[in-house]
>>> print(open('my_file_14.tsv').read())   # TSV, C-alpha atoms
chain	number	residue	atom	x	y	z
A	9	MET	CA	58.00	-92.54	115.39
A	10	GLN	CA	59.78	-90.77	118.18
A	11	ALA	CA	62.38	-92.90	119.92
A	12	LEU	CA	61.98	-93.57	123.63
A	13	LEU	CA	63.94	-91.36	125.95
A	14	PRO	CA	66.41	-93.33	128.10
A	15	ALA	CA	64.27	-92.88	131.24
A	16	GLN	CA	61.16	-94.00	129.35
A	17	ARG	CA	62.95	-97.06	128.00
A	18	GLU	CA	64.07	-97.90	131.52
A	19	THR	CA	60.45	-97.72	132.77
A	20	VAL	CA	59.13	-99.91	129.96
A	21	ARG	CA	61.90	-102.49	130.42
A	22	ARG	CA	61.46	-102.57	134.20
A	23	GLN	CA	57.70	-103.03	134.02
A	24	LEU	CA	58.12	-105.74	131.40
A	25	THR	CA	60.53	-107.59	133.68
A	26	LEU	CA	58.18	-107.20	136.66
A	27	LEU	CA	54.94	-108.20	134.97
A	28	LYS	CA	55.78	-110.16	131.83
A	29	SER	CA	55.32	-113.59	133.39
A	30	GLN	CA	51.72	-112.90	134.43
A	31	PRO	CA	48.94	-114.28	132.24
A	32	GLY	CA	47.75	-111.65	129.75
A	33	PRO	CA	50.18	-109.02	131.04
A	34	LEU	CA	49.80	-106.33	128.36
A	35	ILE	CA	47.10	-104.28	130.07
A	36	GLU	CA	48.82	-104.48	133.46
A	37	ILE	CA	52.08	-103.30	131.89
A	38	LEU	CA	50.30	-100.44	130.10
A	39	HIS	CA	48.72	-99.33	133.39
A	40	ALA	CA	52.11	-99.43	135.10
A	41	ILE	CA	53.78	-97.44	132.32
A	42	GLN	CA	51.05	-94.81	132.27
A	43	GLY	CA	51.15	-94.69	136.08
A	44	GLU	CA	54.82	-93.72	135.94
A	45	LEU	CA	55.09	-91.67	132.78
A	46	GLY	CA	51.57	-90.26	132.56
A	47	PHE	CA	51.11	-91.69	129.07
A	48	ILE	CA	52.20	-94.52	126.76
A	49	PRO	CA	54.93	-93.23	124.44
A	50	GLU	CA	54.59	-94.35	120.84
A	51	GLY	CA	58.11	-95.74	120.96
A	52	ALA	CA	57.04	-98.26	123.61
A	53	VAL	CA	54.87	-100.12	121.11
A	54	PRO	CA	57.57	-102.06	119.21
A	55	LEU	CA	59.38	-102.88	122.44
A	56	LEU	CA	56.19	-104.24	124.06
A	57	ALA	CA	55.29	-106.16	120.90
A	58	GLU	CA	58.67	-107.83	120.69
A	59	GLU	CA	58.90	-108.74	124.37
A	60	LEU	CA	55.33	-110.03	124.61
A	61	ASN	CA	55.42	-111.84	121.28
A	62	LEU	CA	52.57	-109.77	119.88
A	63	SER	CA	52.29	-107.78	116.67
A	64	ARG	CA	52.64	-104.02	116.86
A	65	ALA	CA	49.10	-103.83	115.55
A	66	GLU	CA	47.83	-105.82	118.54
A	67	VAL	CA	49.58	-103.55	121.04
A	68	HIS	CA	48.39	-100.45	119.19
A	69	GLY	CA	44.87	-101.93	119.13
A	70	VAL	CA	44.75	-102.35	122.91
A	71	ILE	CA	46.16	-98.87	123.60
A	72	THR	CA	43.66	-97.18	121.30
A	73	PHE	CA	40.67	-99.34	122.29
A	74	TYR	CA	40.81	-98.29	125.94
A	75	HIS	CA	40.36	-94.54	126.11
A	76	PHE	CA	41.92	-94.50	129.54
A	77	PHE	CA	45.32	-94.97	127.92
A	78	ARG	CA	46.88	-91.73	126.72
A	79	ARG	CA	49.31	-91.47	123.85
A	80	HIS	CA	50.44	-87.97	124.73
A	81	PRO	CA	51.69	-86.42	127.98
A	82	PRO	CA	48.83	-84.96	130.06
A	83	GLY	CA	48.76	-81.51	131.65
A	84	ARG	CA	49.79	-80.99	135.25
A	85	HIS	CA	46.31	-81.97	136.40
A	86	THR	CA	43.74	-84.43	135.05
A	87	VAL	CA	40.03	-83.70	135.29
A	88	GLN	CA	37.69	-86.60	134.51
A	89	VAL	CA	33.99	-85.89	134.03
A	90	CYS	CA	31.62	-88.84	134.46
A	91	ARG	CA	29.41	-89.49	131.45
A	92	ALA	CA	27.53	-92.54	132.70
A	93	GLU	CA	23.74	-92.80	133.03
A	94	SER	CA	23.19	-91.43	136.51
A	95	CYS	CA	25.38	-88.38	135.94
A	96	GLN	CA	23.77	-87.72	132.55
A	97	ALA	CA	20.38	-87.79	134.24
A	98	MET	CA	21.55	-85.23	136.79
A	99	GLY	CA	22.94	-82.54	134.51
A	100	GLY	CA	26.19	-84.19	133.45
A	101	ALA	CA	25.85	-82.99	129.85
A	102	ALA	CA	25.59	-79.36	130.96
A	103	LEU	CA	28.57	-79.85	133.27
A	104	GLU	CA	30.53	-81.39	130.41
A	105	ALA	CA	29.75	-78.40	128.16
A	106	HIS	CA	30.70	-76.02	130.95
A	107	ALA	CA	34.01	-77.82	131.57
A	108	LYS	CA	34.92	-77.74	127.89
A	109	ALA	CA	34.06	-74.05	127.55
A	110	ARG	CA	35.82	-73.14	130.79
A	111	LEU	CA	39.05	-74.92	129.82
A	112	GLY	CA	38.78	-74.15	126.09
A	113	VAL	CA	39.34	-77.80	125.19
A	114	ASP	CA	37.48	-80.89	124.01
A	115	PHE	CA	37.82	-84.27	125.74
A	116	HIS	CA	41.33	-85.75	125.57
A	117	GLU	CA	42.84	-82.30	125.16
A	118	THR	CA	44.98	-80.14	127.44
A	119	SER	CA	44.34	-76.47	128.21
A	120	ALA	CA	46.64	-74.03	126.41
A	121	ASP	CA	48.58	-73.25	129.61
A	122	GLY	CA	49.42	-76.95	129.99
A	123	GLU	CA	47.61	-77.10	133.33
A	124	VAL	CA	44.56	-79.29	132.85
A	125	THR	CA	43.75	-82.32	130.71
A	126	LEU	CA	40.03	-83.03	130.33
A	127	GLU	CA	38.84	-86.61	130.00
A	128	PRO	CA	35.52	-88.43	129.95
A	129	VAL	CA	35.08	-91.38	132.29
A	130	PHE	CA	32.35	-93.98	132.61
A	131	CYS	CA	30.97	-94.38	136.10
A	132	LEU	CA	32.98	-93.36	139.13
A	133	GLY	CA	30.58	-95.34	141.33
A	134	ASN	CA	29.31	-92.21	143.06
A	135	CYS	CA	25.87	-92.31	141.43
A	136	SER	CA	23.89	-91.13	144.45
A	137	CYS	CA	25.93	-87.91	144.39
A	138	SER	CA	25.77	-87.28	140.63
A	139	PRO	CA	27.16	-85.54	138.70
A	140	ALA	CA	30.62	-86.77	139.66
A	141	VAL	CA	34.07	-85.58	138.69
A	142	MET	CA	37.51	-86.92	139.54
A	143	ILE	CA	40.44	-84.52	139.79
A	144	ASP	CA	43.93	-86.00	140.07
A	145	GLY	CA	42.41	-89.18	141.50
A	146	GLU	CA	40.20	-87.41	144.03
A	147	LEU	CA	36.43	-87.92	143.78
A	148	HIS	CA	33.94	-85.03	143.93
A	149	GLY	CA	30.14	-85.36	143.99
A	150	ARG	CA	27.19	-83.06	143.19
A	151	VAL	CA	29.37	-80.93	140.94
A	152	ASP	CA	27.56	-78.07	139.23
A	153	ALA	CA	29.15	-75.28	137.19
A	154	ALA	CA	29.92	-73.15	140.27
A	155	ARG	CA	31.49	-76.04	142.17
A	156	PHE	CA	33.48	-77.04	139.10
A	157	ASP	CA	34.91	-73.52	138.91
A	158	ALA	CA	35.72	-73.57	142.63
A	159	LEU	CA	37.54	-76.88	142.27
A	160	LEU	CA	39.52	-75.52	139.32
A	161	ALA	CA	40.40	-72.41	141.33
A	162	ASP	CA	41.72	-74.71	144.09
A	163	LEU	CA	43.97	-76.39	141.52
A	164	LYS	CA	45.36	-73.11	140.28
A	165	GLY	CA	45.84	-72.01	143.86
A	166	GLY	CA	48.69	-74.53	143.82
A	167	ARG	CA	47.01	-77.15	145.93
B	15	MET	CA	31.44	-86.35	173.68
B	16	LYS	CA	31.45	-88.28	170.40
B	17	VAL	CA	31.00	-86.62	167.01
B	18	PHE	CA	30.63	-88.76	163.90
B	19	VAL	CA	31.80	-87.58	160.46
B	20	PRO	CA	31.78	-90.26	157.73
B	21	ARG	CA	34.86	-91.15	155.75
B	22	ASP	CA	33.40	-93.27	152.93
B	23	ALA	CA	33.93	-92.32	149.27
B	24	ALA	CA	30.54	-90.62	148.85
B	25	ALA	CA	30.90	-88.44	151.96
B	26	LEU	CA	34.48	-87.58	151.04
B	27	SER	CA	33.35	-86.56	147.55
B	28	LEU	CA	31.07	-84.01	149.22
B	29	GLY	CA	33.76	-82.50	151.44
B	30	ALA	CA	33.57	-84.62	154.63
B	31	GLU	CA	37.32	-84.32	155.16
B	32	ALA	CA	37.18	-80.52	155.30
B	33	VAL	CA	34.18	-80.69	157.67
B	34	ALA	CA	36.00	-83.09	160.01
B	35	ARG	CA	39.02	-80.80	159.97
B	36	ALA	CA	36.89	-77.71	160.69
B	37	ILE	CA	35.25	-79.45	163.67
B	38	SER	CA	38.60	-80.59	165.10
B	39	GLU	CA	40.16	-77.17	164.67
B	40	TYR	CA	37.20	-75.36	166.23
B	41	ALA	CA	37.17	-77.73	169.20
B	42	GLU	CA	40.89	-77.33	169.72
B	43	ALA	CA	40.78	-73.54	169.47
B	44	HIS	CA	37.95	-73.39	172.05
B	45	ASN	CA	39.28	-76.05	174.42
B	46	LEU	CA	36.34	-78.36	173.81
B	47	ARG	CA	36.94	-82.04	174.38
B	48	LEU	CA	35.37	-84.27	171.80
B	49	THR	CA	36.12	-87.58	170.14
B	50	LEU	CA	35.83	-87.50	166.39
B	51	VAL	CA	34.75	-90.88	164.98
B	52	ARG	CA	35.12	-91.47	161.26
B	53	ASN	CA	32.27	-93.85	160.49
B	54	GLY	CA	30.74	-94.97	157.20
B	55	THR	CA	27.77	-93.25	155.57
B	56	ARG	CA	24.30	-93.97	156.90
B	57	GLY	CA	23.30	-94.21	153.25
B	58	MET	CA	21.35	-90.94	153.09
B	59	THR	CA	23.84	-89.33	150.77
B	60	TRP	CA	21.66	-86.30	150.07
B	61	LEU	CA	22.43	-85.30	153.67
B	62	GLU	CA	26.17	-85.89	153.36
B	63	PRO	CA	28.38	-84.76	154.91
B	64	LEU	CA	26.09	-85.91	157.74
B	65	VAL	CA	27.49	-85.04	161.15
B	66	GLU	CA	26.06	-86.92	164.13
B	67	VAL	CA	26.36	-86.40	167.87
B	68	GLU	CA	25.56	-88.85	170.64
B	69	SER	CA	22.64	-88.14	172.96
B	70	ALA	CA	20.72	-90.12	175.54
B	71	ARG	CA	17.91	-90.59	173.00
B	72	GLY	CA	20.21	-91.77	170.21
B	73	ARG	CA	22.29	-90.04	167.61
B	74	ILE	CA	21.21	-86.63	166.38
B	75	ALA	CA	21.94	-85.74	162.76
B	76	TYR	CA	23.01	-82.47	161.14
B	77	GLY	CA	23.42	-82.24	157.40
B	78	PRO	CA	24.48	-81.49	154.79
B	79	VAL	CA	27.28	-79.70	156.66
B	80	THR	CA	29.87	-77.47	155.01
B	81	PRO	CA	33.00	-76.21	156.79
B	82	ALA	CA	31.46	-72.71	156.80
B	83	GLU	CA	28.52	-74.00	158.89
B	84	VAL	CA	30.74	-75.46	161.61
B	85	PRO	CA	31.09	-72.36	163.84
B	86	GLY	CA	27.30	-71.88	163.65
B	87	LEU	CA	26.74	-75.48	164.73
B	88	PHE	CA	28.95	-75.01	167.77
B	89	ALA	CA	27.16	-71.73	168.53
B	90	ALA	CA	23.84	-73.62	168.40
B	91	ASP	CA	25.33	-76.14	170.86
B	92	PHE	CA	24.97	-79.04	168.43
B	93	LEU	CA	27.16	-81.12	170.72
B	94	ARG	CA	24.08	-81.32	172.99
B	95	GLY	CA	21.63	-81.63	170.11
B	96	GLY	CA	20.80	-77.91	169.97
B	97	PRO	CA	18.35	-76.67	167.33
B	98	HIS	CA	19.84	-75.56	164.00
B	99	PRO	CA	18.42	-75.29	160.46
B	100	LEU	CA	20.56	-78.30	159.45
B	101	CYS	CA	19.29	-80.48	162.32
B	102	GLN	CA	17.53	-83.57	161.00
B	103	GLY	CA	16.49	-84.89	164.42
B	104	LEU	CA	17.31	-88.41	165.53
B	105	THR	CA	19.13	-90.17	162.68
B	106	GLU	CA	17.21	-93.39	163.06
B	107	GLU	CA	13.86	-91.57	163.04
B	108	ILE	CA	14.46	-90.07	159.57
B	109	ALA	CA	11.63	-91.57	157.48
B	110	TYR	CA	13.90	-92.97	154.74
B	111	PHE	CA	16.04	-94.70	157.34
B	112	LYS	CA	13.25	-95.80	159.65
B	113	GLN	CA	11.40	-97.85	157.06
B	114	GLN	CA	14.46	-99.92	156.22
B	115	GLN	CA	15.27	-103.34	157.56
B	116	ARG	CA	19.04	-103.34	157.56
B	117	LEU	CA	20.81	-106.69	157.38
B	118	THR	CA	24.16	-106.59	155.59
B	119	PHE	CA	24.45	-102.88	156.28
B	120	ALA	CA	23.13	-103.03	159.85
B	121	ARG	CA	26.34	-101.75	161.44
B	122	VAL	CA	27.56	-99.46	158.64
B	123	GLY	CA	27.65	-95.93	159.95
B	124	VAL	CA	27.02	-97.12	163.51
B	125	VAL	CA	30.47	-98.37	164.40
B	126	ASP	CA	33.95	-96.99	164.04
B	127	PRO	CA	35.28	-99.52	161.51
B	128	LEU	CA	38.79	-99.26	162.97
B	129	SER	CA	37.74	-99.93	166.56
B	130	ALA	CA	38.01	-103.51	167.83
B	131	ALA	CA	36.08	-102.50	170.96
B	132	ASP	CA	33.20	-101.27	168.78
B	133	TYR	CA	33.30	-104.54	166.87
B	134	VAL	CA	33.03	-106.58	170.06
B	135	ALA	CA	30.28	-104.30	171.43
B	136	HIS	CA	28.21	-105.12	168.33
B	137	GLY	CA	28.54	-108.90	168.46
B	138	GLY	CA	32.03	-109.27	167.00
B	139	TYR	CA	33.91	-112.50	167.87
B	140	ALA	CA	30.78	-114.03	169.48
B	141	GLY	CA	30.96	-117.02	167.13
B	142	LEU	CA	34.67	-117.44	167.68
B	143	LYS	CA	34.25	-117.28	171.45
B	144	GLN	CA	31.60	-119.98	171.31
B	145	ALA	CA	33.66	-122.13	168.97
B	146	LEU	CA	36.51	-122.16	171.48
B	147	THR	CA	34.21	-123.99	173.93
B	148	LEU	CA	33.33	-126.73	171.42
B	149	THR	CA	35.12	-129.85	170.25
B	150	PRO	CA	36.30	-129.95	166.63
B	151	ALA	CA	33.58	-132.45	165.71
B	152	ALA	CA	30.91	-130.26	167.29
B	153	ILE	CA	32.17	-127.30	165.29
B	154	VAL	CA	31.91	-129.29	162.06
B	155	GLN	CA	28.41	-130.38	163.04
B	156	ALA	CA	27.41	-126.82	163.88
B	157	VAL	CA	28.49	-125.67	160.42
B	158	LEU	CA	26.56	-128.52	158.77
B	159	ASP	CA	23.47	-127.88	160.92
B	160	SER	CA	23.57	-124.16	160.19
B	161	GLY	CA	22.52	-124.75	156.60
B	162	LEU	CA	25.34	-122.41	155.54
B	163	ARG	CA	25.07	-121.76	151.85
B	164	ARG	CA	27.05	-120.08	149.24
B	165	ARG	CA	25.34	-118.46	146.33
B	166	GLY	CA	25.95	-119.31	142.74
B	167	LEU	CA	24.63	-117.56	139.70
B	168	SER	CA	21.20	-119.10	139.78
B	169	HIS	CA	21.29	-121.72	142.51
B	170	ARG	CA	21.92	-121.91	146.18
B	171	TYR	CA	24.30	-124.51	147.42
B	172	GLN	CA	24.39	-126.11	150.81
B	173	VAL	CA	27.51	-127.05	152.67
B	174	GLU	CA	28.01	-130.76	152.89
B	175	ASP	CA	30.48	-133.14	154.34
B	176	ARG	CA	31.76	-135.06	151.34
B	177	ALA	CA	34.57	-136.86	153.10
B	178	GLY	CA	32.37	-138.10	155.95
B	179	CYS	CA	34.01	-136.36	158.87
B	180	SER	CA	32.59	-138.58	161.55
B	181	ARG	CA	35.86	-139.05	163.40
B	182	PRO	CA	37.22	-136.12	165.40
B	183	PRO	CA	39.27	-134.68	162.58
B	184	GLU	CA	42.40	-132.60	162.66
B	185	ILE	CA	41.39	-131.03	159.40
B	186	CYS	CA	37.99	-131.48	157.89
B	187	HIS	CA	37.11	-130.37	154.39
B	188	LEU	CA	33.55	-129.19	153.96
B	189	GLN	CA	32.39	-128.52	150.47
B	190	CYS	CA	29.95	-126.03	149.12
B	191	ARG	CA	28.10	-127.58	146.20
>>> encode(input="my_file_14.tsv", output="structure tokens")
Amino acid sequence: MQALLPAQRETVRRQLTLLKSQPGPLIEILHAIQGELGFIPEGAVPLLAEELNLSRAEVHGVITFYHFFRRHPPGRHTVQVCRAESCQAMGGAALEAHAKARLGVDFHETSADGEVTLEPVFCLGNCSCSPAVMIDGELHGRVDAARFDALLADLKGGR
Amino acid sequence: MKVFVPRDAAALSLGAEAVARAISEYAEAHNLRLTLVRNGTRGMTWLEPLVEVESARGRIAYGPVTPAEVPGLFAADFLRGGPHPLCQGLTEEIAYFKQQQRLTFARVGVVDPLSAADYVAHGGYAGLKQALTLTPAAIVQAVLDSGLRRRGLSHRYQVEDRAGCSRPPEICHLQCR
């Protein structure tokens, strides 16, 4: 297991101090860590387990159960493609295939140039404008292959 | 002259921000005075971004608008409801909208949600204003008489006065059961 870098350890310790006293704090702390670092470093697991009086297996279980949590650093940008019912009914599967082919990655992978991480997501709440995509936290509706490419081009344009 | 461009999540996901910016920039560059109101969606998301302009007959709708269409809309004099391929006529005459009876959503899309004056113009603070003319006991009675209910999973509950607030109370606890 790779040891935590000093800055990562500082983040984990600080979030533990901030949130530890809340009831059932593990998920909140994981969100906070990922919010700062972009992912949950493997080396955070024993520290979280010890401080929260959980087993490492329990912490590992939560991190791997929720696909939102990443165990590796993401690319510069994150593209989430909605796979819920409404989007699937409106061509989401084709969009998904297009996104994977365009970026040369599968879900949870990062393009070779380190620019874009592709992730599935379940329901962005924008069902009336399906299919929906979220890019770096910004929601986009009625995304077809052409619009997907235009949005990617915007990213590369250094937006 | 008021122009409405929604700022809810659905409209934003279809580029409403860029449309609002294009309208502002065009107006500025051509010395046109207009007030841009960022309302909520009227709920017809297939027409979003739905741009509306005020007219004597009611609001006139244009949609779905892209930033590239904005100069054409100005050229068609959309500010005065001029004809354009994207013109949907009076918003409230659109069949999908017209057949609805709006209750909870009655004011969504109509008002500027950040404008207190708009809120008051649409009945805001009316209850508070009336309450200020009543005695505390009358206010309690008005709440009881209203039949105010909260909703539970499978039942409706009516407000009742468990403590028996018959005296003019400083603080009265009404319970929803």
>>> interface_residues(input="my_file_14.tsv", of="chain A", to="chain B", cutoff="6 Å", atoms="all atoms listed in the file", output="mmCIF file with C-alpha atoms, in the frame of the given file")
data_model
loop_
_atom_site.group_PDB
_atom_site.id
_atom_site.type_symbol
_atom_site.label_atom_id
_atom_site.label_comp_id
_atom_site.auth_asym_id
_atom_site.auth_seq_id
_atom_site.Cartn_x
_atom_site.Cartn_y
_atom_site.Cartn_z
ATOM 1 C CA LEU A 147 36.430 -87.920 143.780
ATOM 2 C CA HIS A 148 33.940 -85.030 143.930
ATOM 3 C CA GLY A 149 30.140 -85.360 143.990
#
>>> closest_residue(input="my_file_14.tsv", among="B:Val122, B:Leu142, B:Ala90, B:Ala36", to="Leu50 in chain B", atoms="only C-alpha atoms")
B:Ala36
>>> closest_residue(input="my_file_14.tsv", among="B:Leu46, B:Val154, B:Val33, B:Leu61", to="Val19 in chain B", atoms="only C-alpha atoms")
B:Val33
>>> atom_distance(input="my_file_14.tsv", atom1="CA of Pro14 in chain A", atom2="CA of Gly51 in chain A")
11.2 Å
>>> atom_distance(input="my_file_14.tsv", atom1="CA of Ala140 in chain A", atom2="CA of Gln96 in chain A")
9.9 Å
>>> residues_around(input="my_file_14.tsv", residues="Leu34 in chain A", least_positions_apart="6", cutoff="12 Å", atoms="all atoms listed in the file", output="JSON, numbers by chain")
{"A": [20, 23, 24, 26, 27, 28, 40, 41, 52, 53, 55, 56, 57, 58, 59, 60, 61, 62, 66, 67, 68, 69, 70, 71]}
>>> atom_distance(input="my_file_14.tsv", atom1="CA of Val125 in chain B", atom2="CA of Gln144 in chain B")
22.7 Å
>>> axis_aligned_box(input="my_file_14.tsv", around="range 152-167 of chain A", padding_each_side="4 Å", output="AutoDock Vina command-line options")
--center_x 38.1 --center_y -75.0 --center_z 141.6 --size_x 29.1 --size_y 14.1 --size_z 16.7
>>> closest_residue(input="my_file_14.tsv", among="B:Gly77, B:Gly86, B:Pro127, B:Pro99", to="Arg52 in chain B", atoms="only C-alpha atoms")
B:Pro127
>>> closest_residue(input="my_file_14.tsv", among="A:Ala101, A:Ile143, A:Gly83, A:Leu160", to="Asp121 in chain A", atoms="all atoms listed in the file")
A:Gly83
>>> closest_residue(input="my_file_14.tsv", among="B:Asp132, B:Tyr40, B:Phe92, B:Val124", to="Gly54 in chain B", atoms="all atoms listed in the file")
B:Val124
>>> closest_residue(input="my_file_14.tsv", among="A:Arg64, A:His116, A:His75, A:Arg155", to="Val87 in chain A", atoms="only C-alpha atoms")
A:His116
>>> residues_around(input="my_file_14.tsv", residues="range 107-109 of chain B", least_positions_apart="6", cutoff="10 Å", atoms="all atoms listed in the file", output="short mmCIF file (atom, residue, chain, number, x, y, z; two decimals) with C-alpha atoms, keeping the file's coordinate frame")
data_model
loop_
_atom_site.label_atom_id
_atom_site.label_comp_id
_atom_site.auth_asym_id
_atom_site.auth_seq_id
_atom_site.Cartn_x
_atom_site.Cartn_y
_atom_site.Cartn_z
CA MET B 58 21.35 -90.94 153.09
CA GLY B 72 20.21 -91.77 170.21
CA ARG B 73 22.29 -90.04 167.61
CA ILE B 74 21.21 -86.63 166.38
CA ALA B 75 21.94 -85.74 162.76
#
